[in-house]
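Heads up, the thing below is written out as structure tokens.
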Amino acid sequence: MKRTYIKELGTKVGEEVMIKGWVNIRRDQGKMIFLDFRDMTGIVQGVILPNQTEALEQGKKLRQEFVVEVNGKVNERPERNKKAGILNGNIELEILKITILAEAAPLPFDMSADGFNLDLITELDNRALTLRHPRNQAVFKILETVIDSFREIMKNESFFEFQAPCIVPATAEGGAEVFKIGYFNKAAYLTQSPQLYKQIVMSAFERCFSVNKIFRAEPSATTRHLTEIISLDAEMAFIDSWTDIRDMEEKTIKYILEQIKKNNAEHLKILGVELPVMLDKTPTMSLREAQQKIFEAYKRDNRGDKDLSSQDEVEICEIVKKETGSDFVFVYGYPTKKKPFYVYPNPAEPEFNEGLDMICRGRELSSGGRRINNFEQLEKHVKEWNLDPKTITMFLQAFKYGVPPEGGFAFGAERLVMQFLNLPNVRQAVIFPRDMNRIDERLEGTEGEF
RNA sequence: GCGGGCGUAGCUCAACGGUAGAGCACUCCCCUGUCACGGGAGAGGCCGUGGGGUCAGCACCCAUCGCCCGCGCCA
């Protein structure tokens with residue numbers, strides 16, 4: 001008999017079917033047993049009636065996560081036993097025969113919907129098992145949608161997709177710490193950003209994007225840092241102003257939110273979360289304006305700081321939410337000297353640049369902005385930033401031969417999911433998170449020190 | 001890196017200067033309509049580790065390791 005997926009059982013009332021899946025839970029009533037089965041499409045309740053002596057005997061052996069093949073008949077439930085609002089709430093499978101395909105050891109923790117409340121460390125130490133929980137699957141399905149829909153909107157907007165390299169020579173970008181690796185008898189590094197590569201590719205293709213793993217060796221043990229990150233990067237030429245970048249970024253996020261709403265309604269329901277609100281026009285302000293607003297509302301004077309602190313990001317979002325209802329805000333205009341060499345200084349006020357951050361629900365989700373496209377200006381910045389031009393020869397070569405006014409942006413995919421779903425820790429948005437203290441297993445002591 | 005908090009059963013957590021507890025999971029028994037059922041019994045602990053003070057410590061003090069949260073750095 002051909003396998004029927006659990007989601008399809010509702011269309012087979014009265015028919016005999018065969019399903020395959022896992023035992024979600026057993027409710028043993030003695031003379032009859034209820035069993036919930038799970039496959040990749042959903043859950044259904046099965047019942048072994050008292051006259052099915054062979055099936056009862058098999059049913060007694062089953063525990064959670066046993067893998068089974070079940071033959072049975074799809075019945076409409078008696079009226080008083082119907083459950084509204086859940087898949088297969090109106091039907092059940094009358095079990096005729098159970099074949100055990102694989103046994104499962106007793107679970108090391110409670111997988112029930114109510115009891116699934118694990119310490120992060122337990123969750124990650126048992127990833128192979130916790131990945132089976134609907135709540136986790138909901139998160140990772142949404143991450144999948146984020147990446148898919150980023151690709152879709154980029155392609156719809158005529159961006160060319162390329163794969164940036166992960167192994168890079170000495171890095172020119174300041175900021176984040178890099179991982180050094182052995183490369184034959186030389187040193188190389190893991191990329192911390194496809195930034196320079198996407199600018200080179202843009203110089204040939206006008207518009208490009210990449211979905212890339214990037215690596216940060218920062219000793220940051222926080223709820224929002226990883227050492228291995230999925231970076232969603234875009235770069236576009238022939239812009240008139242940094243506001244073109246903002247508009248494209250806004251359009252991108254809007255599309256991603258729409259796709260999540262469309263494709264992941266049931267996952268959002270499982271997680272019990274509301275997506276952030278994006279208005280038609282997202283509020284946009286300069287760094288100094290943001291700091292002024294914070295000063296006026298909270299009497300904390302950070303006017304003059306080079307960037308928004310974590311608390312500033314929380315507060316500016318509170319202010320914007322209250323004033324406009326938006327969960328997003330763009331902040332532009334950072335001190336030129338405090339940002340990477342390629343960021344475009346505002347011609348009217350060169351001490352501030354046209355860098356752009358997007359903040360959502362109190363956390364920075366993205367940074368971007370307009371870049372310098374004039375070769376002489378770029379060379380001047382390389383010198384002023386004390387960079388060795390030899391380490392970015394290929395990058396400079398692109399600009400030597402003519403590059404239009406341009407800019408771009410990047411999102412951390414995991415942090416995006418974290419903010420959209422209100423997860424308390426970014427590790428919950430990654431199936432196999434890497435951080436300072438973990439590569440699958442916890443890194444303890446000095447054993448295997450490099 | 002700095003600051004704060006927490007380490008008790010497989011998991012999630014109580015309690016308490018004087019005999020170590022619950023819920024779930026596990027083993028066994030009962031249960032014909034449950035909704036990740038219900039009832040009963042059992043098993044399971046060097047109270048993270050090492051010191052110290054006390055007649056007496058899981059509890060108080062010190063050290064150490066681990067984890068969580070915040071800050072810094074960053075996306």
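Each chain in the structure tokens gets a letter, A, B and so on, in the order shown; residues start at 1 in every chain, and ligands are counted from 1 in the order they appear.
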
**OP:** Would you list, as a PyMOL selection string, the residues of stretch 102-202 of chain A that end up in strand (DSSP E) under DSSP run on this structure's backbone?
**Re:** chain A and resi 102+160-161+167-168+180-183+186-190

Selection file, N, CA and C atoms, as a PDB file, in the first residue's frame:
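So the final result, stored in part_20.pdb, reads:
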```pdb
ATOM      1  N   ALA A 102      11.873   1.543  13.595  1.00  0.00           N
ATOM      2  CA  ALA A 102      13.056   1.841  14.410  1.00  0.00           C
ATOM      3  C   ALA A 102      12.606   2.147  15.830  1.00  0.00           C
ATOM      4  N   PHE A 160      22.486  40.482  -9.605  1.00  0.00           N
ATOM      5  CA  PHE A 160      23.196  39.277 -10.033  1.00  0.00           C
ATOM      6  C   PHE A 160      23.736  38.556  -8.799  1.00  0.00           C
ATOM      7  N   GLU A 161      23.457  37.266  -8.690  1.00  0.00           N
ATOM      8  CA  GLU A 161      23.941  36.534  -7.524  1.00  0.00           C
ATOM      9  C   GLU A 161      25.326  35.960  -7.774  1.00  0.00           C
ATOM     10  N   ILE A 167      37.857  32.158   1.996  1.00  0.00           N
ATOM     11  CA  ILE A 167      39.280  32.262   2.329  1.00  0.00           C
ATOM     12  C   ILE A 167      39.803  33.549   1.713  1.00  0.00           C
ATOM     13  N   VAL A 168      40.347  34.403   2.553  1.00  0.00           N
ATOM     14  CA  VAL A 168      40.796  35.705   2.050  1.00  0.00           C
ATOM     15  C   VAL A 168      42.210  36.001   2.542  1.00  0.00           C
ATOM     16  N   LYS A 180      42.412  33.489  11.853  1.00  0.00           N
ATOM     17  CA  LYS A 180      43.589  33.191  11.042  1.00  0.00           C
ATOM     18  C   LYS A 180      43.618  31.683  10.815  1.00  0.00           C
ATOM     19  N   ILE A 181      43.899  31.274   9.589  1.00  0.00           N
ATOM     20  CA  ILE A 181      43.975  29.840   9.306  1.00  0.00           C
ATOM     21  C   ILE A 181      45.296  29.508   8.638  1.00  0.00           C
ATOM     22  N   GLY A 182      45.711  28.268   8.754  1.00  0.00           N
ATOM     23  CA  GLY A 182      46.892  27.815   8.043  1.00  0.00           C
ATOM     24  C   GLY A 182      46.516  27.581   6.586  1.00  0.00           C
ATOM     25  N   TYR A 183      47.334  28.076   5.679  1.00  0.00           N
ATOM     26  CA  TYR A 183      47.034  27.903   4.251  1.00  0.00           C
ATOM     27  C   TYR A 183      48.312  27.421   3.584  1.00  0.00           C
ATOM     28  N   LYS A 186      51.484  29.162   4.327  1.00  0.00           N
ATOM     29  CA  LYS A 186      51.246  30.599   4.536  1.00  0.00           C
ATOM     30  C   LYS A 186      50.060  30.795   5.498  1.00  0.00           C
ATOM     31  N   ALA A 187      49.824  32.036   5.847  1.00  0.00           N
ATOM     32  CA  ALA A 187      48.644  32.366   6.645  1.00  0.00           C
ATOM     33  C   ALA A 187      47.550  32.916   5.734  1.00  0.00           C
ATOM     34  N   ALA A 188      46.312  32.621   6.061  1.00  0.00           N
ATOM     35  CA  ALA A 188      45.171  33.221   5.378  1.00  0.00           C
ATOM     36  C   ALA A 188      44.112  33.482   6.434  1.00  0.00           C
ATOM     37  N   TYR A 189      42.987  34.033   6.023  1.00  0.00           N
ATOM     38  CA  TYR A 189      41.951  34.405   6.988  1.00  0.00           C
ATOM     39  C   TYR A 189      40.577  33.977   6.499  1.00  0.00           C
ATOM     40  N   LEU A 190      39.676  33.778   7.433  1.00  0.00           N
ATOM     41  CA  LEU A 190      38.277  33.543   7.052  1.00  0.00           C
ATOM     42  C   LEU A 190      37.607  34.898   6.869  1.00  0.00           C
TER      43      LEU A 190
END
```

Subject >> Contact residues around A:Asp301 with only C-alpha atoms (C1' of nucleotides) at 8 Å, ignoring same-chain residues under 4 positions, as a ChimeraX atom specification >> reply: /A:291-292,294-295

Output as a tab-separated table one row per residue of chain B within 10 Å of chain A: the closest atom pair and its distance in Å to one decimal place, counting only C-alpha atoms (C1' of nucleotides), sorted by chain and residue number ascending.
```
residue	atom	partner	partner_atom	distance
B:G1	C1'	A:Pro219	CA	8.3
B:G10	C1'	A:Pro108	CA	5.0
B:C11	C1'	A:Phe109	CA	4.1
B:U12	C1'	A:Asn117	CA	7.0
B:G23	C1'	A:Gly115	CA	9.6
B:C24	C1'	A:Asp110	CA	6.2
B:A25	C1'	A:Phe109	CA	6.5
B:C26	C1'	A:Pro106	CA	7.3
B:C30	C1'	A:Gly30	CA	8.0
B:C31	C1'	A:Gln29	CA	5.6
B:U32	C1'	A:Lys31	CA	6.2
B:G33	C1'	A:Asn81	CA	7.5
B:U34	C1'	A:Arg27	CA	6.8
B:C35	C1'	A:Lys83	CA	8.3
B:A36	C1'	A:Ser112	CA	4.8
B:C37	C1'	A:Arg27	CA	6.3
B:G38	C1'	A:Gln29	CA	8.8
B:C65	C1'	A:Gly445	CA	9.2
B:G66	C1'	A:Glu444	CA	9.0
B:C67	C1'	A:Ile121	CA	7.6
B:C68	C1'	A:Leu120	CA	8.8
B:C69	C1'	A:Thr222	CA	8.5
B:G70	C1'	A:Thr222	CA	8.8
B:C71	C1'	A:Ser310	CA	8.7
B:G72	C1'	A:Ser220	CA	9.0
B:C73	C1'	A:Ser220	CA	7.2
B:C74	C1'	A:Ala176	CA	6.5
B:A75	C1'	A:Gly412	CA	5.3
```

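What separates atom CA of A:Lys400 from atom CA of A:Arg207 is a distance of 18.8 Å.
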
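From atom CA of A:Asn353 back to atom CA of A:Ile239, the distance works out to 15.9 Å.
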
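Residues within 12 Å of B:G18, counting only C-alpha atoms (C1' of nucleotides) and excluding same-chain residues fewer than 5 positions away, are C55, A56 and G57 of chain B.
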
Subject >> Coordinates-based distance that separates atom CA of A:Ala237 from atom CA of A:Glu349 (Å, one decimal) >> reply: 23.0 Å

Original post:
Excluding same-chain residues fewer than 4 positions from stretch 241-258 of chain A, what lies within 8 Å of it counting only C-alpha atoms (C1' of nucleotides), as a PyMOL selection string?
Top reply: chain A and resi 145-146+149-150+153-154+236+262+275+278+282+330+354-356+368-370+407-409

Subject >> All residues 12 Å or closer to B:A43, only C-alpha atoms (C1' of nucleotides), same chain fewer than 3 positions away omitted, as number ranges by chain >> reply: B: 9, 26-28

Export of the given selection (C-alpha atoms (C1' of nucleotides)) as a compact mmCIF listing (two decimals), in the first residue's frame:
```
# COMPACT_ATOMS: atom_id res chain seq x y z
C1' A B 9 17.22 13.41 40.19
C1' C B 26 11.78 5.72 33.26
C1' U B 27 9.94 0.33 35.40
C1' C B 28 5.47 -2.27 37.15
```

**OP:** Write down as number ranges by chain the residues belonging to stretch 97-272 of chain A that are assigned alpha helix (DSSP H) by DSSP computed on the backbone.
**Re:** A: 120-125, 127-130, 134-156, 195-205, 242-263, 265-271

**OP:** Identify, on the basis of only C-alpha atoms (C1' of nucleotides), every residue whose closest approach to A:Pro345 does not exceed 12 Å; exclude the query and any residue fewer than 5 positions from it along the same chain; express the result as number ranges by chain.
**Re:** A: 241-242, 332-340, 350-356, 369-374, 377-378, 381

Selection from above, N, CA and C atoms, as an mmCIF file, in the first residue's frame, can you write it?
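Saved to part-v7.cif:
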```
data_model
loop_
_atom_site.group_PDB
_atom_site.id
_atom_site.type_symbol
_atom_site.label_atom_id
_atom_site.label_comp_id
_atom_site.auth_asym_id
_atom_site.auth_seq_id
_atom_site.Cartn_x
_atom_site.Cartn_y
_atom_site.Cartn_z
ATOM 1 N N SER A 241 21.610 58.953 -4.551
ATOM 2 C CA SER A 241 21.833 59.380 -3.170
ATOM 3 C C SER A 241 21.778 58.144 -2.269
ATOM 4 N N TRP A 242 22.245 58.300 -1.032
ATOM 5 C CA TRP A 242 22.164 57.193 -0.071
ATOM 6 C C TRP A 242 20.716 56.771 0.158
ATOM 7 N N TYR A 332 21.294 57.464 9.866
ATOM 8 C CA TYR A 332 22.402 57.701 8.940
ATOM 9 C C TYR A 332 23.311 58.784 9.500
ATOM 10 N N GLY A 333 24.468 58.952 8.853
ATOM 11 C CA GLY A 333 25.334 60.075 9.211
ATOM 12 C C GLY A 333 26.204 59.790 10.420
ATOM 13 N N TYR A 334 27.181 58.914 10.251
ATOM 14 C CA TYR A 334 28.087 58.569 11.347
ATOM 15 C C TYR A 334 29.415 59.293 11.158
ATOM 16 N N PRO A 335 30.160 59.477 12.238
ATOM 17 C CA PRO A 335 31.452 60.169 12.092
ATOM 18 C C PRO A 335 32.334 59.419 11.075
ATOM 19 N N THR A 336 32.770 60.140 10.071
ATOM 20 C CA THR A 336 33.512 59.545 8.960
ATOM 21 C C THR A 336 34.706 58.726 9.446
ATOM 22 N N LYS A 337 35.419 59.268 10.406
ATOM 23 C CA LYS A 337 36.662 58.643 10.871
ATOM 24 C C LYS A 337 36.424 57.332 11.624
ATOM 25 N N LYS A 338 35.200 57.125 12.094
ATOM 26 C CA LYS A 338 34.932 55.950 12.917
ATOM 27 C C LYS A 338 34.395 54.777 12.098
ATOM 28 N N LYS A 339 34.245 54.986 10.798
ATOM 29 C CA LYS A 339 33.692 53.919 9.960
ATOM 30 C C LYS A 339 34.733 53.496 8.930
ATOM 31 N N PRO A 340 34.489 52.391 8.223
ATOM 32 C CA PRO A 340 35.483 51.909 7.265
ATOM 33 C C PRO A 340 35.821 52.935 6.182
ATOM 34 N N PRO A 350 31.708 66.942 5.642
ATOM 35 C CA PRO A 350 32.554 65.767 5.431
ATOM 36 C C PRO A 350 32.921 64.997 6.707
ATOM 37 N N GLU A 351 32.733 65.603 7.871
ATOM 38 C CA GLU A 351 33.066 64.847 9.091
ATOM 39 C C GLU A 351 32.013 63.764 9.391
ATOM 40 N N PHE A 352 30.875 63.854 8.692
ATOM 41 C CA PHE A 352 29.859 62.790 8.793
ATOM 42 C C PHE A 352 29.728 62.085 7.449
ATOM 43 N N ASN A 353 29.444 60.769 7.516
ATOM 44 C CA ASN A 353 29.392 60.003 6.264
ATOM 45 C C ASN A 353 27.954 59.651 5.904
ATOM 46 N N GLU A 354 27.815 58.978 4.805
ATOM 47 C CA GLU A 354 26.492 58.548 4.355
ATOM 48 C C GLU A 354 26.295 57.054 4.622
ATOM 49 N N GLY A 355 26.824 56.627 5.743
ATOM 50 C CA GLY A 355 26.575 55.276 6.249
ATOM 51 C C GLY A 355 25.180 55.208 6.837
ATOM 52 N N LEU A 356 24.613 54.015 6.844
ATOM 53 C CA LEU A 356 23.194 53.850 7.155
ATOM 54 C C LEU A 356 23.010 52.560 7.950
ATOM 55 N N GLY A 369 24.968 51.809 3.139
ATOM 56 C CA GLY A 369 25.146 53.206 2.828
ATOM 57 C C GLY A 369 25.796 53.410 1.481
ATOM 58 N N ARG A 370 26.088 54.659 1.226
ATOM 59 C CA ARG A 370 26.773 54.981 -0.018
ATOM 60 C C ARG A 370 28.275 54.780 0.166
ATOM 61 N N ARG A 371 28.950 54.345 -0.909
ATOM 62 C CA ARG A 371 30.402 54.139 -0.850
ATOM 63 C C ARG A 371 31.100 55.191 -1.712
ATOM 64 N N ILE A 372 32.375 55.339 -1.482
ATOM 65 C CA ILE A 372 33.181 56.216 -2.329
ATOM 66 C C ILE A 372 33.386 55.530 -3.677
ATOM 67 N N ASN A 373 33.108 56.231 -4.773
ATOM 68 C CA ASN A 373 33.349 55.622 -6.085
ATOM 69 C C ASN A 373 34.466 56.332 -6.843
ATOM 70 N N ASN A 374 34.876 57.490 -6.367
ATOM 71 C CA ASN A 374 35.958 58.236 -7.024
ATOM 72 C C ASN A 374 37.310 57.662 -6.605
ATOM 73 N N GLN A 377 39.699 59.844 -4.390
ATOM 74 C CA GLN A 377 39.199 59.971 -3.019
ATOM 75 C C GLN A 377 39.430 58.671 -2.238
ATOM 76 N N LEU A 378 39.238 57.569 -2.935
ATOM 77 C CA LEU A 378 39.437 56.263 -2.312
ATOM 78 C C LEU A 378 40.907 56.080 -1.918
ATOM 79 N N HIS A 381 41.669 58.038 1.119
ATOM 80 C CA HIS A 381 41.173 57.400 2.347
ATOM 81 C C HIS A 381 42.043 56.220 2.756
#
```

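The closest residue to A:Ile19, picked from A:Leu196, A:Leu93, A:Ile48, A:Leu56 and counting only C-alpha atoms, is A:Leu93.
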